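A.B. asks: Just passing along the structure, written as structure tokens.
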Amino acid sequence: EEMTLGNASAWTSQLNTVYHFNTLGGAEGIYETLEARLNALVNPDFTDEEIRREVAHLSVAEGEDGGLYLEEKGTVYTEMVSSFEGPGYPLWGGMGDMLFGKDHPVANSSGGHPDSMRTMVPADMREFHAKNYHLSNMGIIVSLPKDFELDDFLKRVDGLLDRVQPG
């Protein structure tokens with residue numbers, strides 16, 4: 001990302017996750033970044049420990065009195081706990097249930113419920129990934145500089161898609 005003078009981020013809704021990026025690295029920067037991002041999404045190499053640390057796990061921490069205690073951690077877990085503890089959650093958390101029904105996907109929290117994260121194991125994430133992260137389940141919106149030839153761009157993207165997920 002740094003080599004192509006780019007930046008990226010992501011956000012999640014109830015029905016999809018959006019990964020966006022831009023680069024000042026010219027045409028090659030666009031192709032390199034797009035291929036690297038798609039490859040990371042479709043063919044990740046994360047370990048079980050990385051999954052636990054990203055989602056939810058227990059850690060030993062030291063208290064002010066020097067005693068040890070267990071602390072719940074995890075990037076997603078911490079983010080969702082803060083959302084669920086916020087003043088708007090009781091209103092918005094129940095709104096989806098009322099509008100769509102308790103078991104409808106749009107009624108769910110986009111980041112997941114902290115209680116559910118506590119019971120997740122890496123196999124759950126791997127199963128979810130295998131079911132959902134493939135090119136035929138993805139879309140792309142592209143904004144290109146005026147000097148890009150669309151046919152050339154589509155040919156290059158076709159080739160990189162075949163490298164990311166052959167067939």
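To be explicit about the labels: the chains of the structure tokens are called A, B, and onward in the order shown, and within each one the residues are counted from 1, while ligands get numbers from 1 in the order they are shown.
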Which neighbours of stretch 142-150 of chain A fall inside 12 Å, counting only C-alpha atoms, when residues of the same chain fewer than 4 positions from it are skipped, and could you give them as a list in words?

C.D. replies: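 Counting only the stated atoms, we get Tyr19, His20, Phe21, Asn22, Thr23, Leu24, Gly25, Gly26, Ala27, Glu28, Ile30, Tyr31, Leu34, Leu154, Lys155, Arg156 and Val157 of chain A.
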
A.B. asks: To one decimal in Å, tell me the separation between atom CA of A:Pro114 and atom CA of A:Pro90.

C.D. replies: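 Atom CA of A:Pro90 lies at a distance of 14.8 Å from atom CA of A:Pro114.
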
A.B. asks: Please provide as JSON, numbers by chain all residues within 9 Å of A:Arg53, with the sequence filter that same-chain residues fewer than 4 positions apart are discarded (counting only C-alpha atoms).

C.D. replies: {"A": [48, 49, 57, 58, 73, 74, 75, 76]}

A.B. asks: Please save N, CA and C atoms of the selected residues as a compact mmCIF listing (two decimals), in the first residue's frame.

C.D. replies:
```
# COMPACT_ATOMS: atom_id res chain seq x y z
N ASP A 48 -5.02 -19.73 12.98
CA ASP A 48 -6.09 -19.80 13.98
C ASP A 48 -5.87 -18.76 15.08
N GLU A 49 -4.63 -18.56 15.47
CA GLU A 49 -4.35 -17.58 16.52
C GLU A 49 -4.69 -16.17 16.05
N HIS A 57 -10.88 -13.26 22.35
CA HIS A 57 -10.05 -14.19 23.11
C HIS A 57 -9.88 -13.67 24.53
N LEU A 58 -9.39 -14.54 25.40
CA LEU A 58 -9.07 -14.15 26.76
C LEU A 58 -7.58 -13.92 26.88
N LYS A 73 -10.61 -9.76 25.12
CA LYS A 73 -10.01 -8.91 24.11
C LYS A 73 -10.44 -9.38 22.73
N GLY A 74 -9.94 -8.69 21.73
CA GLY A 74 -10.22 -9.01 20.33
C GLY A 74 -10.64 -7.73 19.64
N THR A 75 -10.12 -7.48 18.47
CA THR A 75 -10.41 -6.25 17.75
C THR A 75 -11.91 -6.08 17.52
N VAL A 76 -12.54 -7.11 16.96
CA VAL A 76 -13.97 -7.02 16.67
C VAL A 76 -14.78 -7.02 17.96
```

A.B. asks: Which of these, A:Leu5, A:Val164, A:Met98, A:Val81, has the shortest distance to A:His113 once you count only C-alpha atoms?

C.D. replies: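 With only C-alpha atoms as the atom set, the closest residue is A:Val81.
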
A.B. asks: Can you pull out the residues contacting stretch 122-125 of chain A? Cut-off 12 Å, using only C-alpha atoms, and skip same-chain residues under 5 positions away; I want them as a PyMOL selection string.

C.D. replies: chain A and resi 44+46-57+116-117+130-133

A.B. asks: Using only C-alpha atoms, what table do you get, as JSON lines, when you list each residue of stretch 55-120 of chain A with an atom no more than 12 Å from stretch 7-15 of chain A, its nearest pair of atoms, and their distance in Å rounded to one decimal, rows by chain then rising number?

C.D. replies:
```
{"residue": "A:Val76", "atom": "CA", "partner": "A:Thr12", "partner_atom": "CA", "distance": 11.5}
{"residue": "A:Gly96", "atom": "CA", "partner": "A:Gln14", "partner_atom": "CA", "distance": 10.4}
{"residue": "A:His104", "atom": "CA", "partner": "A:Gln14", "partner_atom": "CA", "distance": 9.9}
{"residue": "A:Pro105", "atom": "CA", "partner": "A:Gln14", "partner_atom": "CA", "distance": 6.5}
{"residue": "A:Val106", "atom": "CA", "partner": "A:Gln14", "partner_atom": "CA", "distance": 5.2}
{"residue": "A:Ala107", "atom": "CA", "partner": "A:Gln14", "partner_atom": "CA", "distance": 7.6}
{"residue": "A:Asn108", "atom": "CA", "partner": "A:Gln14", "partner_atom": "CA", "distance": 6.4}
{"residue": "A:Ser109", "atom": "CA", "partner": "A:Gln14", "partner_atom": "CA", "distance": 6.5}
{"residue": "A:Ser110", "atom": "CA", "partner": "A:Gln14", "partner_atom": "CA", "distance": 4.4}
{"residue": "A:Gly111", "atom": "CA", "partner": "A:Thr12", "partner_atom": "CA", "distance": 7.0}
{"residue": "A:Gly112", "atom": "CA", "partner": "A:Gln14", "partner_atom": "CA", "distance": 9.4}
```

A.B. asks: Output as a ChimeraX atom specification all residues of chain A that backbone DSSP marks as strand (DSSP E).

C.D. replies: /A:6-12,17-23,57-62,68-73

A.B. asks: Go through stretch 7-162 of chain A and collect every residue that DSSP, computed from the backbone, puts in alpha helix (DSSP H); the answer should be as a ChimeraX atom specification.

C.D. replies: /A:26-42,48-55,75-85,89-100,114-119,122-132,150-162

A.B. asks: Could you check how far atom CA of A:Leu135 sits from atom CA of A:Asp158, in Å to one decimal?

C.D. replies: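 Atom CA of A:Asp158 lies at a distance of 11.6 Å from atom CA of A:Leu135.
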
A.B. asks: How far is it from atom CA of A:Glu85 to atom CA of A:Phe128, in Å with one decimal?

C.D. replies: 26.6 Å

A.B. asks: Using only C-alpha atoms, which residue out of A:Ala36, A:Leu91, A:Val121, A:Val60 lies closest to A:Glu1?

C.D. replies: A:Ala36

A.B. asks: Pick from A:Arg118, A:Lys102, A:Glu32, A:Trp92: nearest to A:Glu72, with only C-alpha atoms counted?

C.D. replies: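 Ranking A:Arg118, A:Lys102, A:Glu32, A:Trp92 by distance to A:Glu72, first place goes to A:Arg118.
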
A.B. asks: Quick one: of A:Ser83, A:Val42, A:Leu99, A:Gly29, who's nearest to A:Thr4, counting only C-alpha atoms?

C.D. replies: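 The answer is A:Gly29, which sits nearest to A:Thr4.
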